Each structure stands twice: as structure tokens, then as C-alpha cells.
$ cat final-v4.txt   # compact mmCIF, C-alpha atoms and all ligand atoms
# COMPACT_ATOMS: atom_id res chain seq x y z
CA MET A 1 28.52 32.95 23.41
CA ASN A 2 28.23 30.02 21.05
CA THR A 3 24.85 28.36 21.67
CA LYS A 4 24.75 26.14 18.59
CA ILE A 5 22.44 23.19 19.26
CA GLU A 6 23.11 20.00 17.34
CA THR A 7 20.20 17.83 16.29
CA ARG A 8 19.83 14.14 15.66
CA ARG A 9 17.23 12.05 13.85
CA VAL A 10 15.23 10.00 16.37
CA TRP A 11 11.92 9.04 14.70
CA ASP A 12 12.14 7.54 11.22
CA LEU A 13 9.60 8.51 8.55
CA PRO A 14 7.51 5.29 8.76
CA THR A 15 7.12 5.72 12.55
CA ARG A 16 6.00 9.33 12.14
CA MET A 17 3.59 8.45 9.34
CA PHE A 18 2.28 5.57 11.44
CA HIS A 19 1.69 7.89 14.39
CA TRP A 20 -0.25 10.61 12.61
CA SER A 21 -2.23 8.11 10.51
CA LEU A 22 -3.13 6.26 13.73
CA VAL A 23 -4.34 9.53 15.25
CA ALA A 24 -6.51 10.22 12.17
CA SER A 25 -7.96 6.72 11.91
CA PHE A 26 -8.71 6.52 15.63
CA LEU A 27 -10.45 9.91 15.66
CA ILE A 28 -12.48 9.09 12.53
CA ALA A 29 -13.50 5.68 13.95
CA PHE A 30 -14.46 7.25 17.27
CA LEU A 31 -16.40 10.18 15.80
CA THR A 32 -18.36 7.99 13.36
CA SER A 33 -19.13 5.20 15.83
CA ASP A 34 -22.69 6.27 16.68
CA SER A 35 -23.90 6.86 13.14
CA GLU A 36 -25.63 4.14 11.08
CA LYS A 37 -25.20 6.31 7.97
CA LEU A 38 -21.44 6.55 8.47
CA ARG A 39 -20.98 2.85 9.33
CA ASP A 40 -18.84 2.24 6.21
CA VAL A 41 -16.54 5.12 7.10
CA HIS A 42 -16.33 3.75 10.64
CA VAL A 43 -15.43 0.26 9.44
CA LEU A 44 -12.87 1.62 6.96
CA ALA A 45 -11.21 3.72 9.66
CA GLY A 46 -11.25 0.68 11.97
CA TYR A 47 -9.59 -1.53 9.36
CA SER A 48 -7.00 1.20 8.69
CA LEU A 49 -6.24 1.25 12.40
CA ALA A 50 -5.86 -2.53 12.40
CA GLY A 51 -3.48 -2.33 9.41
CA LEU A 52 -1.43 0.40 11.09
CA ILE A 53 -1.09 -1.60 14.30
CA THR A 54 -0.01 -4.66 12.34
CA PHE A 55 2.61 -2.54 10.58
CA ARG A 56 3.86 -1.13 13.91
CA LEU A 57 4.20 -4.61 15.42
CA LEU A 58 6.50 -5.57 12.53
CA TRP A 59 8.33 -2.21 12.54
CA GLY A 60 9.05 -2.75 16.24
CA PHE A 61 11.49 -5.48 15.16
CA VAL A 62 13.00 -4.09 11.96
CA GLY A 63 12.52 -0.30 12.20
CA GLY A 64 14.99 2.42 13.16
CA LYS A 65 16.95 2.19 16.42
CA TYR A 66 14.50 4.17 18.55
CA SER A 67 11.42 2.59 16.95
CA ARG A 68 12.42 -0.94 17.94
CA PHE A 69 10.64 -2.50 20.91
CA ALA A 70 14.04 -3.58 22.25
CA ASP A 71 14.86 0.11 22.74
CA PHE A 72 11.85 0.95 24.89
CA LEU A 73 10.53 -2.29 26.40
CA PRO A 74 9.38 -1.04 29.83
CA THR A 75 10.65 -3.55 32.43
CA PRO A 76 9.31 -3.02 36.00
CA GLN A 77 12.80 -1.97 37.13
CA LYS A 78 13.16 0.67 34.41
CA LEU A 79 9.68 1.96 35.19
CA ILE A 80 10.37 2.18 38.95
CA ASP A 81 13.72 3.92 38.37
CA TYR A 82 12.09 6.40 36.02
CA LEU A 83 9.22 7.16 38.42
CA LYS A 84 11.71 7.57 41.29
CA SER A 85 13.72 10.02 39.20
CA LEU A 86 10.52 12.01 38.62
CA LEU A 87 9.73 12.04 42.36
CA VAL A 88 13.14 13.44 43.30
CA GLY A 89 12.78 16.10 40.63
CA LYS A 90 15.57 14.80 38.40
CA PRO A 91 13.69 13.05 35.59
CA ARG A 92 15.98 10.65 33.77
CA HIS A 93 16.16 11.57 30.12
CA TYR A 94 15.62 9.07 27.32
CA VAL A 95 16.38 9.83 23.69
CA GLY A 96 13.55 7.56 22.56
CA HIS A 97 10.40 6.70 24.55
CA ASN A 98 10.72 6.89 28.35
CA PRO A 99 9.45 3.84 30.32
CA ALA A 100 6.20 5.52 31.44
CA GLY A 101 5.44 6.64 27.88
CA ALA A 102 6.31 3.16 26.66
CA VAL A 103 3.70 1.57 28.98
CA ALA A 104 1.05 3.89 27.50
CA ILE A 105 2.22 3.05 23.98
CA PHE A 106 1.94 -0.73 24.47
CA LEU A 107 -1.49 -0.30 26.08
CA LEU A 108 -2.63 1.92 23.19
CA LEU A 109 -1.53 -0.73 20.68
CA GLY A 110 -3.22 -3.49 22.72
CA PHE A 111 -6.52 -1.65 23.17
CA GLY A 112 -6.46 -0.68 19.48
CA ALA A 113 -6.04 -4.33 18.48
CA VAL A 114 -8.90 -5.47 20.75
CA ALA A 115 -11.14 -2.64 19.47
CA ALA A 116 -10.46 -3.59 15.85
CA LEU A 117 -10.93 -7.37 16.38
CA SER A 118 -14.11 -6.98 18.43
CA GLY A 119 -15.39 -4.41 15.91
CA TRP A 120 -14.86 -6.91 13.12
CA ALA A 121 -16.62 -9.62 15.18
CA THR A 122 -19.56 -7.30 15.90
CA TYR A 123 -19.82 -6.43 12.21
CA GLU A 124 -19.77 -10.10 11.23
CA GLU A 125 -22.25 -10.88 14.01
CA VAL A 126 -19.86 -13.25 15.73
CA GLY A 127 -19.89 -13.34 19.54
CA GLY A 128 -23.17 -11.49 20.09
CA HIS A 129 -23.73 -8.93 22.80
CA PHE A 130 -20.44 -9.74 24.52
CA MET A 131 -18.45 -8.60 21.47
CA GLU A 132 -20.47 -5.38 21.22
CA GLU A 133 -19.73 -4.63 24.87
CA LEU A 134 -16.06 -5.53 24.45
CA HIS A 135 -15.89 -3.29 21.39
CA GLU A 136 -17.34 -0.30 23.18
CA THR A 137 -15.18 -0.88 26.27
CA ALA A 138 -11.97 -1.22 24.24
CA ALA A 139 -12.78 1.93 22.22
CA ASN A 140 -13.57 3.97 25.35
CA GLY A 141 -10.53 2.57 27.16
CA MET A 142 -8.38 3.61 24.23
CA MET A 143 -9.84 7.12 24.35
CA ALA A 144 -8.97 7.34 28.07
CA LEU A 145 -5.41 6.20 27.28
CA VAL A 146 -5.14 8.78 24.51
CA VAL A 147 -5.98 11.53 27.03
CA ILE A 148 -3.36 10.16 29.48
CA HIS A 149 -0.87 9.88 26.58
CA ILE A 150 -1.37 13.51 25.53
CA VAL A 151 -1.06 14.74 29.14
CA GLY A 152 2.12 12.62 29.46
CA VAL A 153 3.56 14.16 26.29
CA ILE A 154 2.87 17.69 27.56
CA VAL A 155 4.30 17.01 31.04
CA SER A 156 7.34 15.22 29.62
CA SER A 157 7.99 18.04 27.11
CA SER A 158 7.97 20.56 29.92
CA LEU A 159 10.08 18.47 32.35
CA HIS A 160 12.78 17.84 29.76
CA ARG A 161 12.40 21.21 28.04
CA GLU A 162 12.06 19.66 24.60
CA ASN A 163 9.30 19.82 22.03
CA LEU A 164 8.27 16.17 21.71
CA VAL A 165 5.37 16.91 19.37
CA LEU A 166 7.65 18.73 16.94
CA ALA A 167 10.05 15.76 17.13
CA MET A 168 7.20 13.40 16.17
CA ILE A 169 6.55 15.68 13.15
CA THR A 170 10.12 16.33 11.96
CA GLY A 171 11.87 13.26 13.39
CA TRP A 172 14.63 15.41 14.95
CA LYS A 173 15.52 16.07 18.57
CA SER A 174 18.17 18.45 19.89
CA LYS A 175 21.43 16.83 20.98
CA GLN A 176 21.32 18.67 24.33
CA GLY A 177 18.85 16.09 25.59
CA GLN A 178 21.03 13.23 24.43
CA ASP A 179 24.01 14.61 26.32
CA SER A 180 21.98 14.60 29.52
CA ALA A 181 20.81 11.07 28.69
CA GLN A 182 24.40 9.93 28.62
CA ALA A 183 25.21 11.83 31.80
CA ASP A 184 22.25 10.19 33.52
CA GLY A 185 23.11 6.76 32.30
CA GLY A 186 19.91 6.92 30.27
CA ARG A 187 19.53 5.39 26.83
CA SER A 188 21.20 7.04 23.89
C1 LIG B 1 -5.38 10.40 19.08
C2 LIG B 1 -4.82 9.29 19.28
C3 LIG B 1 -3.34 9.02 19.53
C4 LIG B 1 -2.84 7.78 19.54
C5 LIG B 1 -3.63 6.48 19.34
C6 LIG B 1 -1.40 7.90 19.78
C7 LIG B 1 -0.53 6.83 19.84
C8 LIG B 1 0.83 6.92 19.96
C9 LIG B 1 1.75 5.83 19.83
C10 LIG B 1 1.35 4.38 19.54
C11 LIG B 1 3.01 6.33 19.99
C12 LIG B 1 4.31 5.55 19.87
C13 LIG B 1 4.95 5.94 18.55
C14 LIG B 1 5.82 4.83 18.03
O1 LIG B 1 6.91 4.58 18.54
O2 LIG B 1 5.37 4.17 17.09
C15 LIG B 1 2.89 7.73 20.25
C16 LIG B 1 3.95 8.59 20.50
C17 LIG B 1 3.82 9.95 20.58
N1 LIG B 1 2.65 10.67 20.45
FE1 LIG B 1 0.81 9.95 20.20
N2 LIG B 1 -1.06 9.22 19.91
C18 LIG B 1 -2.22 9.94 19.76
C19 LIG B 1 -2.34 11.30 19.80
C20 LIG B 1 -1.30 12.16 19.95
C21 LIG B 1 -1.40 13.60 19.90
C22 LIG B 1 -2.70 14.39 19.67
C23 LIG B 1 -0.16 14.09 20.10
C24 LIG B 1 0.27 15.51 20.17
C25 LIG B 1 -0.19 16.34 21.06
C26 LIG B 1 0.74 12.98 20.26
C27 LIG B 1 2.09 13.07 20.46
C28 LIG B 1 2.96 12.01 20.55
C29 LIG B 1 4.39 12.16 20.78
C30 LIG B 1 5.14 13.45 20.96
C31 LIG B 1 4.91 10.87 20.82
C32 LIG B 1 6.38 10.50 21.11
C33 LIG B 1 6.50 10.45 22.60
C34 LIG B 1 7.95 10.30 23.02
O3 LIG B 1 8.74 11.19 22.67
O4 LIG B 1 8.25 9.30 23.68
N3 LIG B 1 0.02 11.81 20.17
N4 LIG B 1 1.57 8.08 20.21
C1 LIG B 2 -10.29 0.18 16.09
C2 LIG B 2 -10.97 1.27 16.00
C3 LIG B 2 -12.42 1.34 16.34
C4 LIG B 2 -12.99 2.14 17.28
C5 LIG B 2 -12.27 3.17 18.15
C6 LIG B 2 -14.41 1.86 17.30
C7 LIG B 2 -15.33 2.45 18.14
C8 LIG B 2 -16.67 2.14 18.20
C9 LIG B 2 -17.63 2.65 19.17
C10 LIG B 2 -17.27 3.65 20.29
C11 LIG B 2 -18.84 2.14 18.88
C12 LIG B 2 -20.17 2.45 19.57
C13 LIG B 2 -20.58 1.28 20.42
C14 LIG B 2 -21.99 1.43 20.89
O1 LIG B 2 -22.40 2.54 21.20
O2 LIG B 2 -22.68 0.39 20.90
C15 LIG B 2 -18.68 1.27 17.73
C16 LIG B 2 -19.69 0.56 17.13
C17 LIG B 2 -19.52 -0.31 16.09
N1 LIG B 2 -18.32 -0.61 15.45
FE1 LIG B 2 -16.52 0.13 15.91
N2 LIG B 2 -14.68 0.88 16.35
C18 LIG B 2 -13.50 0.54 15.75
C19 LIG B 2 -13.30 -0.40 14.76
C20 LIG B 2 -14.32 -1.12 14.15
C21 LIG B 2 -14.15 -2.11 13.10
C22 LIG B 2 -12.79 -2.53 12.50
C23 LIG B 2 -15.39 -2.57 12.77
C24 LIG B 2 -15.82 -3.58 11.74
C25 LIG B 2 -15.05 -4.29 10.98
C26 LIG B 2 -16.33 -1.91 13.63
C27 LIG B 2 -17.71 -2.12 13.62
C28 LIG B 2 -18.59 -1.55 14.48
C29 LIG B 2 -20.01 -1.84 14.47
C30 LIG B 2 -20.74 -2.83 13.53
C31 LIG B 2 -20.59 -1.07 15.50
C32 LIG B 2 -22.06 -1.03 15.93
C33 LIG B 2 -22.25 -1.91 17.13
C34 LIG B 2 -23.65 -1.81 17.65
O3 LIG B 2 -24.57 -1.92 16.84
O4 LIG B 2 -23.79 -1.58 18.85
N3 LIG B 2 -15.64 -1.03 14.46
N4 LIG B 2 -17.35 1.27 17.35
$ encode --input "final-v4.txt" --output "C-alpha cells"
Amino acid sequence: MNTKIETRRVWDLPTRMFHWSLVASFLIAFLTSDSEKLRDVHVLAGYSLAGLITFRLLWGFVGGKYSRFADFLPTPQKLIDYLKSLLVGKPRHYVGHNPAGAVAIFLLLGFGAVAALSGWATYEEVGGHFMEELHETAANGMMALVVIHIVGVIVSSSLHRENLVLAMITGWKSKQGQDSAQADGGRS
């Protein structure tokens, strides 16, 4: 039997580099946040994160097809349809980000931006105690979202029987999934 599986490039190199650099800068910022001695490392990681988010906001308009916000903007209708498809056990397949993943992605970018801005304000002693509190809340909120994001990636990989983490490393996804996307009326 011929079981040749075709593949197709989904994530462009800048998006993949953005993702794994964001992971590194977030983890470094989080792990160094309590140390006075490592404050410079913390601030550097925080600024890197701010730079990466700025890049991603631009790339969302000019990047590859599946990296553009227009491809995965999660409207309430798309989100409801996707959640319904999960409930009836026939999860609609998306070649790029699915609507639930997309909500987490926009929240991650938003919390990251607030963490970086409030971190800068705290460092510059602008905004007093409020900024410190906002900074800590945004950082912890982002950590909670990261956990949800990783659980979502694992669940989604198993539901659709595709290795999403490998795709975020290599950029390629198998065409099998895309065929089902077309059959479902999903995005391709
Ligand atoms: C630690 C902090 C993390 C942050 C802040 C983060 C953030 C993000 C963001 C913003 C995206 C959207 C990518 C884009 O279109 O630009 C994304 C996608 C993705 N992330 Fe993460 N991520 C984190 C950790 C991880 C980890 C540890 C894994 C692997 C287990 C992972 C796997 C993925 C995958 C597979 C996608 C693509 C999901 C899809 O196919 O729709 N992420 N992540
Ligand atoms: C965006 C990624 C960042 C994350 C995840 C993060 C996370 C944290 C966390 C969890 C704390 C501990 C808060 C506390 O216990 O009071 C902290 C403290 C701090 N961060 Fe960040 N931070 C980030 C970016 C930045 C940036 C860009 C700056 C400066 C430009 C900065 C400056 C500071 C300072 C000065 C403190 C000490 C605040 C205090 O004395 O209570 N952070 N950060």
C-alpha cells in the first residue's frame, strides 16, 4: 500500500525563530525576577521579549500566509464553531492556528506587552507601587497562559494526530491534515 505523506511549509523561519526566542526570553525573565544580583539579566530578557513582541505585531501583517493575523483572527463565531466541533468529537482542523489557540496567542502577546511596559516603568520608578503590582500580575498571568497554551498544544496534537511542536521547529506539517481541513471547510 502506498502511504506516502506529502508535507507543506506552514510556519516561516522568522515565526519559528520568534517563537523559540520568546520562550527563552520569557523563561529567563521569569527565573531571574526575584534576584537583585541578576536584575540586569532580567531587564535584558524583558527588553528582548518586548522587541520580539514588536516584531511579531509587524510580522502579523507582512509575514507568511499562516503567520498573518488575518489568517487566525479568532472571531466569536469561529471560536464557538470550533468549540462545538470539539464537543461533538469532530474537531475542525486548521492548517494554521485554530481559533482556541489563537485566543491564547493574542492573550500571550498582550500580557507580554503589559509585563514589559510595566517592568520598564517599575525600573524607571514611574507609577510607583501600582506599576510593581501590575508587573507582577502580568508576569504571573502570562505564566498561567503559558501552561494553558502548552496543555492546548498537547491536546490539539493528540486530537488531530499531528506533531505540532515538531511543526513549530521544522515549519512543515503533513498534507493529510490539510486535506481534512478542506473536507471540513476549515482554513487551508
Ligand atoms: C514558554 C513560553 C511560551 C510562550 C510565551 C509561547 C508563545 C507562543 C505564541 C505567541 C505562539 C504563536 C506563534 C506565532 O504565530 O507567532 C505559539 C505557538 C505555538 N507554541 Fe508556544 N509558547 C511558549 C511555550 C511553548 C512550548 C514549551 C511549546 C512546546 C511544548 C510550545 C509550542 C507551540 C506550538 C506547537 C505552537 C503552534 C500552535 C499551533 O499549531 O497552532 N510553546 N506559542
Ligand atoms: C516581559 C517580561 C518580564 C517578566 C515575565 C518579568 C517578571 C517579573 C517578576 C515576576 C518580578 C517579581 C515581582 C515581585 O516579586 O515584586 C519582576 C520584578 C521586576 N522586574 Fe520584571 N519582568 C519582565 C520584564 C521586565 C522589564 C522589561 C523590566 C525593566 C525594563 C523589568 C524590571 C523589573 C524590576 C525593576 C523588578 C523589581 C520590582 C520590585 O522591586 O518589586 N522587568 N519582573
$ closest_atom_pairs --input "final-v4.txt" --of "chain A" --to "ligand LIG 2 (chain B)" --cutoff "7 Å" --atoms "all atoms listed in the file" --output "CSV"
residue,atom,partner,partner_atom,distance
A:Phe26,CA,B:LIG2,C5,5.5
A:Ala29,CA,B:LIG2,C4,4.9
A:Phe30,CA,B:LIG2,C5,4.7
A:Ser33,CA,B:LIG2,C11,4.3
A:Asp34,CA,B:LIG2,C12,5.4
A:His42,CA,B:LIG2,N3,6.2
A:Val43,CA,B:LIG2,C23,4.4
A:Leu44,CA,B:LIG2,C22,6.9
A:Ala45,CA,B:LIG2,C2,6.8
A:Gly46,CA,B:LIG2,C22,3.6
A:Tyr47,CA,B:LIG2,C22,4.6
A:Leu49,CA,B:LIG2,C1,5.6
A:Ala50,CA,B:LIG2,C1,6.4
A:Gly112,CA,B:LIG2,C1,5.2
A:Ala113,CA,B:LIG2,C1,6.6
A:Ala115,CA,B:LIG2,C1,4.5
A:Ala116,CA,B:LIG2,C1,3.8
A:Leu117,CA,B:LIG2,C22,6.5
A:Gly119,CA,B:LIG2,C26,3.5
A:Trp120,CA,B:LIG2,C25,3.4
A:Ala121,CA,B:LIG2,C25,7.0
A:Thr122,CA,B:LIG2,C30,5.2
A:Tyr123,CA,B:LIG2,C30,3.9
A:Glu132,CA,B:LIG2,O4,5.6
A:His135,CA,B:LIG2,N4,6.3
A:Glu136,CA,B:LIG2,C13,4.5
A:Ala139,CA,B:LIG2,C5,4.3
A:Asn140,CA,B:LIG2,C10,6.3
$ closest_residue --input "final-v4.txt" --among "A:Leu159, A:Ile105, A:Met17, A:Ile169" --to "ligand LIG 1 (chain B)" --atoms "all atoms listed in the file"
A:Ile105
$ axis_aligned_box --input "final-v4.txt" --around "ligand LIG 1 (chain B)" --padding-each-side "3 Å" --output "JSON"
{"center_x": 1.7, "center_y": 10.3, "center_z": 20.4, "size_x": 20.1, "size_y": 18.2, "size_z": 12.6}
$ closest_residue --input "final-v4.txt" --among "A:Leu27, A:Ser118, A:Arg39, A:Leu52" --to "ligand LIG 1 (chain B)" --atoms "all atoms listed in the file"
A:Leu27
$ residues_near_ligand --input "final-v4.txt" --ligand "ligand LIG 1 (chain B)" --cutoff "8 Å" --atoms "all atoms listed in the file" --output "JSON, numbers by chain"
{"A": [11, 15, 16, 18, 19, 20, 22, 23, 24, 26, 27, 56, 60, 66, 67, 68, 95, 96, 97, 98, 101, 102, 104, 105, 106, 108, 109, 112, 142, 143, 146, 149, 150, 153, 154, 163, 164, 165, 166, 167, 168]}
$ write_last_selection --input "final-v4.txt" --atoms "C-alpha atoms" --output "mmCIF file, keeping the file's coordinate frame"
data_model
loop_
_atom_site.group_PDB
_atom_site.id
_atom_site.type_symbol
_atom_site.label_atom_id
_atom_site.label_comp_id
_atom_site.auth_asym_id
_atom_site.auth_seq_id
_atom_site.Cartn_x
_atom_site.Cartn_y
_atom_site.Cartn_z
ATOM 1 C CA TRP A 11 11.920 9.040 14.700
ATOM 2 C CA THR A 15 7.120 5.720 12.550
ATOM 3 C CA ARG A 16 6.000 9.330 12.140
ATOM 4 C CA PHE A 18 2.280 5.570 11.440
ATOM 5 C CA HIS A 19 1.690 7.890 14.390
ATOM 6 C CA TRP A 20 -0.250 10.610 12.610
ATOM 7 C CA LEU A 22 -3.130 6.260 13.730
ATOM 8 C CA VAL A 23 -4.340 9.530 15.250
ATOM 9 C CA ALA A 24 -6.510 10.220 12.170
ATOM 10 C CA PHE A 26 -8.710 6.520 15.630
ATOM 11 C CA LEU A 27 -10.450 9.910 15.660
ATOM 12 C CA ARG A 56 3.860 -1.130 13.910
ATOM 13 C CA GLY A 60 9.050 -2.750 16.240
ATOM 14 C CA TYR A 66 14.500 4.170 18.550
ATOM 15 C CA SER A 67 11.420 2.590 16.950
ATOM 16 C CA ARG A 68 12.420 -0.940 17.940
ATOM 17 C CA VAL A 95 16.380 9.830 23.690
ATOM 18 C CA GLY A 96 13.550 7.560 22.560
ATOM 19 C CA HIS A 97 10.400 6.700 24.550
ATOM 20 C CA ASN A 98 10.720 6.890 28.350
ATOM 21 C CA GLY A 101 5.440 6.640 27.880
ATOM 22 C CA ALA A 102 6.310 3.160 26.660
ATOM 23 C CA ALA A 104 1.050 3.890 27.500
ATOM 24 C CA ILE A 105 2.220 3.050 23.980
ATOM 25 C CA PHE A 106 1.940 -0.730 24.470
ATOM 26 C CA LEU A 108 -2.630 1.920 23.190
ATOM 27 C CA LEU A 109 -1.530 -0.730 20.680
ATOM 28 C CA GLY A 112 -6.460 -0.680 19.480
ATOM 29 C CA MET A 142 -8.380 3.610 24.230
ATOM 30 C CA MET A 143 -9.840 7.120 24.350
ATOM 31 C CA VAL A 146 -5.140 8.780 24.510
ATOM 32 C CA HIS A 149 -0.870 9.880 26.580
ATOM 33 C CA ILE A 150 -1.370 13.510 25.530
ATOM 34 C CA VAL A 153 3.560 14.160 26.290
ATOM 35 C CA ILE A 154 2.870 17.690 27.560
ATOM 36 C CA ASN A 163 9.300 19.820 22.030
ATOM 37 C CA LEU A 164 8.270 16.170 21.710
ATOM 38 C CA VAL A 165 5.370 16.910 19.370
ATOM 39 C CA LEU A 166 7.650 18.730 16.940
ATOM 40 C CA ALA A 167 10.050 15.760 17.130
ATOM 41 C CA MET A 168 7.200 13.400 16.170
#
$ closest_residue --input "final-v4.txt" --among "A:Ile53, A:Val126, A:Gly64, A:Gly141" --to "Gly171 of chain A" --atoms "only C-alpha atoms"
A:Gly64
$ atom_distance --input "final-v4.txt" --atom1 "atom CA of Thr54 of chain A" --atom2 "atom CA of Val41 of chain A"
19.9 Å
$ atom_distance --input "final-v4.txt" --atom1 "atom CA of Ile148 of chain A" --atom2 "atom CA of Leu107 of chain A"
11.2 Å
$ atom_distance --input "final-v4.txt" --atom1 "atom CA of Thr137 of chain A" --atom2 "atom CA of Ser156 of chain A"
27.9 Å
$ closest_residue --input "final-v4.txt" --among "A:Phe61, A:Tyr94, A:Phe55, A:Phe69" --to "Ser157 of chain A" --atoms "all atoms listed in the file"
A:Tyr94
$ closest_residue --input "final-v4.txt" --among "A:Val114, A:Lys37, A:Ser25, A:Glu6" --to "Leu134 of chain A" --atoms "all atoms listed in the file"
A:Val114
$ closest_residue --input "final-v4.txt" --among "A:Ile28, A:Pro99, A:Leu145, A:Lys65" --to "Leu86 of chain A" --atoms "only C-alpha atoms"
A:Pro99
